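Comments concern the structure below.
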Amino acid sequence: MTEPAILLHDLDSAEVANAAKLLRFFGVESESVSLDEFLPCLSKSGTNDSKSVIGGRVICSTDVLEQLIQTIDQSAELSPWWKEQVHSVFVYSGADLQNLERLVRHLTQDDAEFDELPPGPIDFKVTDQLDGLCGAMAGIVGTASASGVASCHVLRTSNALAIDLISTAHGALFLKLTWHDVPIFLSTSRNIIDVDSILPNGVFDIRDHVASALAIVLYVRWAFSGTCWGPAEINACLVIDDPLLKPNYGFINFHELLLRMQQHSFSANVAFIPWNSRRSAPETVKLFKDNPEYYSISVHGCDHGRAEFGIADPLHLYAKSKQALERMTEHEFTTGLACDRVMVFPQGVFSRVAPTALKRAGFIAAANNDTIDSGPNPTATRVGDFWDIAVMKYDDFPIFTRRYPWEGIENFAFDILLGKPAIAVIHHDYCGDDYKRLADFIDRLNLLNCPIVWRNVGEVAKRSYRQKAISLDSREVEMYASELCLENRSERPIRYLIQKRESTPSLIKEIRTDSGRILWSENGSGVSFEVQVNAGETITASIGFNDPSTNGRYGESLPYKARMSARRCLSELRDNYWHTYRQRIADMFGTRQ
Ligand SMILES: [Zn+2]
């Protein structure tokens, strides 16, 4: 399938460069040409002496589009070529506002009105009228921050064919127009987001980038749907940090929560503290084992000490990682309840070398809210790092990003639009209103315009990858977690060509599937291998790493152990008594927040 991306550059080429980087992020290579180079291609496309622009998806500024339209208007010869060869145009506002106004009035054939946005946050809505265009963002209502709509205008048109794609109470920020039968997607933003730009707090918030990111991503996901990277499915999981496996923990009653999961269709993963591995209540373990489609556990630190994965000593981190897994293995041995080998860092804190320790100890991934390490010179998180299925900047070990519900349904929807899994995180106190807030949030997530598959967090990690179809029976896949689950639901065998970024391939001991070791090779960015999956079959491929030359033991001192015991007791007193007592008092006086 060919879906050529053509960037028409002008004097201000920064946005064109940003568009090229953004396309490359989605796996689409583009060509940047001037208008003078493009017009001959348009009229001669398909002949031997020119490049083909058939099916071209054109990205340019309003300044360039205005010149293009003037040229085509003056040429009876070019107009039919335009209709035949150009698939669609994404146009962003150029430097000249008058050009923008003139262009829009020309396209809409009416007196379209322009306005500046009032200062401050602005509510926006994404249309649900165009099926297939807006994906998970369809129908989303959110509030853009002032910086999220900076350098853009709103416009109002009475043209019946115009469709507002992102609108505000003052007019549209992004709309679909049509010119000579070719759809024109017009963004009033002057900017296209730079995927290499740094996120100061390591978290991408679409509310801060509505104008520069949402419009272009909606267009790219739609216009290049046959050639850009996409997920095989959208997975989701709710992670609850800290609880012991007892019938009640703080505001959570696990029987009650199960009923809510059955009523509202979701699954929950307890980020379990390995220090508690000998304290699980048999009836709660049984509840988890009897309901594996709803309940699962992952690994939350080792002792859950303060910033225990924020230390810089790689061997100590490796020993902690190993000890965490040993405790969970012992827990599985005594209870029969297996855990997902996914790490949730205590307090979200990790050092630069912690991901390497986890990888070598046998974890398949981490799930965390924070994406920046705790070291004195932390590695910056760029937009592209965050937009990726998982953050891979730490030794190519995946950190799947999690969000709190109060970060807004628009952020979950945008993550899904990017192809990321939806991993939400709460603590027990979020259930303090008899699960009402939680149920409302889950309902909103399940109502998004996309099918969501709720799974345990380990399966979420294994099944979150990106793929592109090469042919009817072959796919290119980029894997993230150290284990990859491929399910072939088609009626023919599919050959998967799998790539995994890996900074140190020499650490790999083996790559295997259920049927044994398989051949793999190194390349410039990591390793690659092939797997064939027959119709209806599911195969798991896993990468195993060599242990470091250490016995994986690290004797903690007695004072440390005493401190950890005291810390755990105090945390549980706080969660089980102080939080619930405080709320009962608040309820009594009607002051609950
Ligand atoms: Zn915790």
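In the structure tokens, chains take the letters A, B, ... in the order shown, each chain's residues start at 1, and ligands count up from 1 in the order shown.
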
Would you list, as a ChimeraX atom specification, the residues of region 308-556 of chain A that end up in strand (DSSP E or B) under DSSP run on this structure's backbone?
-> /A:342-343,365-368,381-382,391,399-401,403,422-426,452-454,466-471,474-478,483-487,494-501,508-513,516-517,521-523,526-533,538-545

Which region 324-412 of chain A residues have any atom within 12 Å of an atom of region 208-219 of chain A, and for each, what is the nearest pair of atoms with distance in Å to one decimal, counting only C-alpha atoms, rows sorted by chain and number, as JSON lines?
```
{"residue": "A:Val383", "atom": "CA", "partner": "A:Ala213", "partner_atom": "CA", "distance": 10.3}
{"residue": "A:Gly384", "atom": "CA", "partner": "A:Ala213", "partner_atom": "CA", "distance": 11.7}
{"residue": "A:Trp387", "atom": "CA", "partner": "A:Val217", "partner_atom": "CA", "distance": 11.0}
{"residue": "A:Glu407", "atom": "CA", "partner": "A:Asp208", "partner_atom": "CA", "distance": 12.0}
{"residue": "A:Glu410", "atom": "CA", "partner": "A:Val210", "partner_atom": "CA", "distance": 10.3}
{"residue": "A:Asn411", "atom": "CA", "partner": "A:Asp208", "partner_atom": "CA", "distance": 10.5}
```

Using only N, CA and C atoms, please write the residues we just selected to a file, as a short mmCIF file (atom, residue, chain, number, x, y, z; two decimals), in the first residue's frame.
```cif
data_model
loop_
_atom_site.label_atom_id
_atom_site.label_comp_id
_atom_site.auth_asym_id
_atom_site.auth_seq_id
_atom_site.Cartn_x
_atom_site.Cartn_y
_atom_site.Cartn_z
N VAL A 383 9.17 14.22 24.03
CA VAL A 383 7.79 13.90 23.65
C VAL A 383 7.72 12.51 23.02
N GLY A 384 8.67 12.23 22.11
CA GLY A 384 8.67 10.94 21.41
C GLY A 384 8.90 9.77 22.36
N TRP A 387 5.50 9.30 24.00
CA TRP A 387 4.47 8.83 23.06
C TRP A 387 4.67 7.36 22.66
N GLU A 407 -5.92 12.76 35.90
CA GLU A 407 -5.20 13.38 34.78
C GLU A 407 -6.13 13.59 33.58
N GLU A 410 -9.23 12.69 28.68
CA GLU A 410 -8.64 13.10 27.40
C GLU A 410 -7.20 12.60 27.27
N ASN A 411 -6.47 12.51 28.41
CA ASN A 411 -5.11 11.99 28.33
C ASN A 411 -5.08 10.49 28.07
#
```

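Here the question is which of A:Val104, A:Ala144, A:Ile273, A:Cys134 gets nearest to ligand 1 using only C-alpha atoms and all ligand atoms, and that residue is A:Ile273.
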
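CA of Asp385 (chain A) sits 26.7 Å away from CA of Arg306 (chain A).
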
Determine the nearest neighbour of ligand 1 from the options A:Ile184, A:Ala223, A:Val349, A:Leu447, counting only C-alpha atoms and all ligand atoms.
-> A:Val349

Closest-contact table, chain A side, partner ligand 1, 7 Å, counting only C-alpha atoms and all ligand atoms, as a Markdown table:
```
| residue | atom | partner | partner_atom_place_in_ligand_line | distance |
| --- | --- | --- | --- | --- |
| A:Asp241 | CA | ligand 1 | 1 (Zn) | 5.2 |
| A:Asp242 | CA | ligand 1 | 1 (Zn) | 4.8 |
| A:His300 | CA | ligand 1 | 1 (Zn) | 6.6 |
| A:His304 | CA | ligand 1 | 1 (Zn) | 6.6 |
| A:Pro346 | CA | ligand 1 | 1 (Zn) | 4.7 |
| A:Gln347 | CA | ligand 1 | 1 (Zn) | 5.6 |
```

10 Å contact set for Thr371 (chain A), only C-alpha atoms, chain neighbours under 3 positions out, as a PyMOL selection string = chain A and resi 199+201-203+348-350+367-368+374+378-382+385-386+390-394+399-402

Residue selection dump (N, CA, C and O atoms) as an mmCIF file, in the first residue's frame:
```
data_model
loop_
_atom_site.group_PDB
_atom_site.id
_atom_site.type_symbol
_atom_site.label_atom_id
_atom_site.label_comp_id
_atom_site.auth_asym_id
_atom_site.auth_seq_id
_atom_site.Cartn_x
_atom_site.Cartn_y
_atom_site.Cartn_z
ATOM 1 N N LEU A 199 10.093 17.186 27.776
ATOM 2 C CA LEU A 199 8.975 17.370 28.705
ATOM 3 C C LEU A 199 9.570 17.651 30.086
ATOM 4 O O LEU A 199 10.183 16.753 30.682
ATOM 5 N N ASN A 201 8.567 17.826 33.131
ATOM 6 C CA ASN A 201 8.248 16.921 34.258
ATOM 7 C C ASN A 201 8.167 15.460 33.802
ATOM 8 O O ASN A 201 7.769 14.587 34.584
ATOM 9 N N GLY A 202 8.504 15.201 32.558
ATOM 10 C CA GLY A 202 8.553 13.820 32.078
ATOM 11 C C GLY A 202 7.209 13.229 31.697
ATOM 12 O O GLY A 202 7.128 12.052 31.336
ATOM 13 N N VAL A 203 6.153 14.021 31.785
ATOM 14 C CA VAL A 203 4.807 13.499 31.488
ATOM 15 C C VAL A 203 4.174 14.356 30.406
ATOM 16 O O VAL A 203 4.182 15.590 30.494
ATOM 17 N N GLY A 348 7.383 5.682 42.944
ATOM 18 C CA GLY A 348 7.688 6.013 41.541
ATOM 19 C C GLY A 348 9.147 6.339 41.288
ATOM 20 O O GLY A 348 9.518 6.761 40.199
ATOM 21 N N VAL A 349 10.018 6.103 42.286
ATOM 22 C CA VAL A 349 11.415 6.564 42.193
ATOM 23 C C VAL A 349 12.314 5.440 41.663
ATOM 24 O O VAL A 349 12.252 4.304 42.144
ATOM 25 N N PHE A 350 13.151 5.791 40.693
ATOM 26 C CA PHE A 350 14.115 4.806 40.175
ATOM 27 C C PHE A 350 15.377 5.538 39.727
ATOM 28 O O PHE A 350 15.328 6.698 39.328
ATOM 29 N N ALA A 367 6.112 -0.546 35.233
ATOM 30 C CA ALA A 367 4.975 0.352 34.976
ATOM 31 C C ALA A 367 5.080 1.466 35.997
ATOM 32 O O ALA A 367 5.194 1.193 37.196
ATOM 33 N N ASN A 368 5.084 2.695 35.546
ATOM 34 C CA ASN A 368 5.375 3.807 36.459
ATOM 35 C C ASN A 368 4.728 5.090 35.968
ATOM 36 O O ASN A 368 4.526 5.271 34.766
ATOM 37 N N SER A 374 16.011 9.454 39.210
ATOM 38 C CA SER A 374 16.199 10.310 40.381
ATOM 39 C C SER A 374 17.638 10.782 40.540
ATOM 40 O O SER A 374 17.973 11.380 41.563
ATOM 41 N N PRO A 378 19.528 13.792 35.631
ATOM 42 C CA PRO A 378 18.590 12.825 35.050
ATOM 43 C C PRO A 378 18.503 12.932 33.522
ATOM 44 O O PRO A 378 18.738 13.991 32.946
ATOM 45 N N THR A 379 18.201 11.803 32.916
ATOM 46 C CA THR A 379 18.023 11.760 31.468
ATOM 47 C C THR A 379 16.660 12.347 31.128
ATOM 48 O O THR A 379 15.641 11.897 31.656
ATOM 49 N N ALA A 380 16.663 13.342 30.267
ATOM 50 C CA ALA A 380 15.407 14.023 29.922
ATOM 51 C C ALA A 380 14.461 13.082 29.182
ATOM 52 O O ALA A 380 14.897 12.174 28.471
ATOM 53 N N THR A 381 13.170 13.318 29.381
ATOM 54 C CA THR A 381 12.165 12.594 28.604
ATOM 55 C C THR A 381 11.669 13.516 27.500
ATOM 56 O O THR A 381 11.241 14.639 27.756
ATOM 57 N N ARG A 382 11.754 13.040 26.278
ATOM 58 C CA ARG A 382 11.268 13.814 25.135
ATOM 59 C C ARG A 382 9.849 13.373 24.797
ATOM 60 O O ARG A 382 9.411 12.286 25.199
ATOM 61 N N ASP A 385 9.708 9.982 23.416
ATOM 62 C CA ASP A 385 9.908 8.917 24.416
ATOM 63 C C ASP A 385 8.582 8.568 25.065
ATOM 64 O O ASP A 385 8.243 7.399 25.251
ATOM 65 N N PHE A 386 7.846 9.611 25.445
ATOM 66 C CA PHE A 386 6.590 9.382 26.161
ATOM 67 C C PHE A 386 5.531 8.813 25.233
ATOM 68 O O PHE A 386 4.737 7.949 25.636
ATOM 69 N N ALA A 390 6.104 2.246 25.182
ATOM 70 C CA ALA A 390 6.682 2.322 26.523
ATOM 71 C C ALA A 390 7.931 3.181 26.419
ATOM 72 O O ALA A 390 8.543 3.268 25.348
ATOM 73 N N VAL A 391 8.316 3.810 27.521
ATOM 74 C CA VAL A 391 9.539 4.626 27.532
ATOM 75 C C VAL A 391 10.735 3.670 27.494
ATOM 76 O O VAL A 391 10.839 2.768 28.327
ATOM 77 N N MET A 392 11.629 3.858 26.530
ATOM 78 C CA MET A 392 12.725 2.898 26.307
ATOM 79 C C MET A 392 14.106 3.517 26.506
ATOM 80 O O MET A 392 15.110 2.921 26.146
ATOM 81 N N LYS A 393 14.160 4.723 27.068
ATOM 82 C CA LYS A 393 15.451 5.433 27.085
ATOM 83 C C LYS A 393 16.426 4.876 28.114
ATOM 84 O O LYS A 393 17.576 5.270 28.132
ATOM 85 N N TYR A 394 15.972 3.983 29.008
ATOM 86 C CA TYR A 394 16.874 3.411 30.010
ATOM 87 C C TYR A 394 17.251 1.991 29.609
ATOM 88 O O TYR A 394 16.524 1.037 29.886
ATOM 89 N N ILE A 399 9.474 1.001 30.253
ATOM 90 C CA ILE A 399 8.703 1.538 31.379
ATOM 91 C C ILE A 399 7.361 1.975 30.790
ATOM 92 O O ILE A 399 7.286 2.969 30.058
ATOM 93 N N PHE A 400 6.323 1.182 31.056
ATOM 94 C CA PHE A 400 4.989 1.539 30.587
ATOM 95 C C PHE A 400 4.448 2.657 31.473
ATOM 96 O O PHE A 400 4.523 2.556 32.696
ATOM 97 N N THR A 401 3.937 3.697 30.849
ATOM 98 C CA THR A 401 3.487 4.838 31.650
ATOM 99 C C THR A 401 2.097 4.570 32.225
ATOM 100 O O THR A 401 1.249 3.958 31.578
ATOM 101 N N ARG A 402 1.911 5.028 33.463
ATOM 102 C CA ARG A 402 0.612 4.920 34.125
ATOM 103 C C ARG A 402 0.106 6.340 34.392
ATOM 104 O O ARG A 402 0.888 7.283 34.470
#
```

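Running DSSP on the backbone gives alpha helix (DSSP H) for these residues within region 201-230 of chain A: Ala215, Ile216, Val217, Leu218, Tyr219, Val220, Arg221, Trp222 and Ala223 of chain A.
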
Convert the current residue selection to file output with C-alpha atoms, as a PDB file, in the first residue's frame.
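In the end it all went to result.pdb:
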```pdb
ATOM      1  CA  ALA A 215      -4.766  18.007  15.101  1.00  0.00           C
ATOM      2  CA  ILE A 216      -1.682  16.607  13.362  1.00  0.00           C
ATOM      3  CA  VAL A 217      -1.846  13.265  15.201  1.00  0.00           C
ATOM      4  CA  LEU A 218      -5.526  12.832  14.304  1.00  0.00           C
ATOM      5  CA  TYR A 219      -4.650  13.493  10.677  1.00  0.00           C
ATOM      6  CA  VAL A 220      -1.590  11.224  10.548  1.00  0.00           C
ATOM      7  CA  ARG A 221      -3.351   8.284  12.245  1.00  0.00           C
ATOM      8  CA  TRP A 222      -6.192   8.608   9.702  1.00  0.00           C
ATOM      9  CA  ALA A 223      -4.306   9.470   6.498  1.00  0.00           C
TER      10      ALA A 223
END
```

Given only C-alpha atoms as the counted atoms, nearest of A:Ala357, A:Ala365, A:Val460, A:Ile498 to Asn523 (chain A) | A:Ile498

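Between CA of Val89 (chain A) and CA of Val33 (chain A) there is a distance of 14.6 Å.
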
Selection near region 333-337 of chain A, 8 Å with only C-alpha atoms, sequence-local residues under 6 positions removed, as a JSON list (two decimals) with C-alpha atoms, in the first residue's frame:
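Written file, around.json:
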```
[["chain", "number", "residue", "atom", "x", "y", "z"],
["A", 282, "PRO", "CA", -5.92, -17.65, 52.24],
["A", 285, "VAL", "CA", -5.65, -15.45, 47.69],
["A", 288, "PHE", "CA", -7.68, -13.84, 43.26],
["A", 289, "LYS", "CA", -6.99, -17.37, 42.00]]
```

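Distances here use only C-alpha atoms; by that measure, the residue among A:Trp179, A:Trp454, A:Tyr92, A:Phe38 closest to Met261 (chain A) is A:Trp454.
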
Neighbour list for region 165-169 of chain A as an MDAnalysis selection string, cut-off 8 Å, only C-alpha atoms, skip fewer than 3 positions in-chain = chainID A and resid 122:127 154 172:176 215

Would you mind exporting N, CA and C atoms of the selected residues as a short mmCIF file (atom, residue, chain, number, x, y, z; two decimals), in the first residue's frame?
```cif
data_model
loop_
_atom_site.label_atom_id
_atom_site.label_comp_id
_atom_site.auth_asym_id
_atom_site.auth_seq_id
_atom_site.Cartn_x
_atom_site.Cartn_y
_atom_site.Cartn_z
N ILE A 122 -9.32 26.84 28.00
CA ILE A 122 -10.47 26.83 27.08
C ILE A 122 -11.00 25.40 26.98
N ASP A 123 -12.30 25.25 27.10
CA ASP A 123 -12.90 23.93 26.87
C ASP A 123 -12.89 23.61 25.38
N PHE A 124 -12.60 22.37 25.06
CA PHE A 124 -12.62 21.96 23.64
C PHE A 124 -13.39 20.66 23.50
N LYS A 125 -13.85 20.43 22.29
CA LYS A 125 -14.55 19.17 22.01
C LYS A 125 -14.04 18.60 20.70
N VAL A 126 -13.82 17.30 20.68
CA VAL A 126 -13.42 16.61 19.45
C VAL A 126 -14.68 16.00 18.86
N THR A 127 -14.88 16.18 17.57
CA THR A 127 -16.12 15.71 16.95
C THR A 127 -16.27 14.20 17.04
N VAL A 154 -9.45 30.98 16.33
CA VAL A 154 -10.64 30.16 16.08
C VAL A 154 -11.37 30.76 14.89
N ALA A 172 -13.88 27.07 15.76
CA ALA A 172 -13.11 25.82 15.57
C ALA A 172 -11.62 26.09 15.55
N LEU A 173 -10.87 25.14 16.10
CA LEU A 173 -9.40 25.16 16.04
C LEU A 173 -8.89 24.30 14.89
N PHE A 174 -9.71 23.35 14.50
CA PHE A 174 -9.30 22.37 13.48
C PHE A 174 -10.57 21.96 12.75
N LEU A 175 -10.55 22.09 11.42
CA LEU A 175 -11.77 21.72 10.71
C LEU A 175 -11.45 21.10 9.36
N LYS A 176 -12.45 20.40 8.87
CA LYS A 176 -12.30 19.74 7.57
C LYS A 176 -13.08 20.53 6.54
N ALA A 215 -4.30 17.94 16.49
CA ALA A 215 -4.77 18.01 15.10
C ALA A 215 -3.88 17.16 14.18
#
```

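Minimum atom-to-atom distance to Gly301 (chain A), evaluated using only C-alpha atoms, belongs to A:Phe345 out of A:Phe345, A:Glu326, A:Leu315, A:Ser225.
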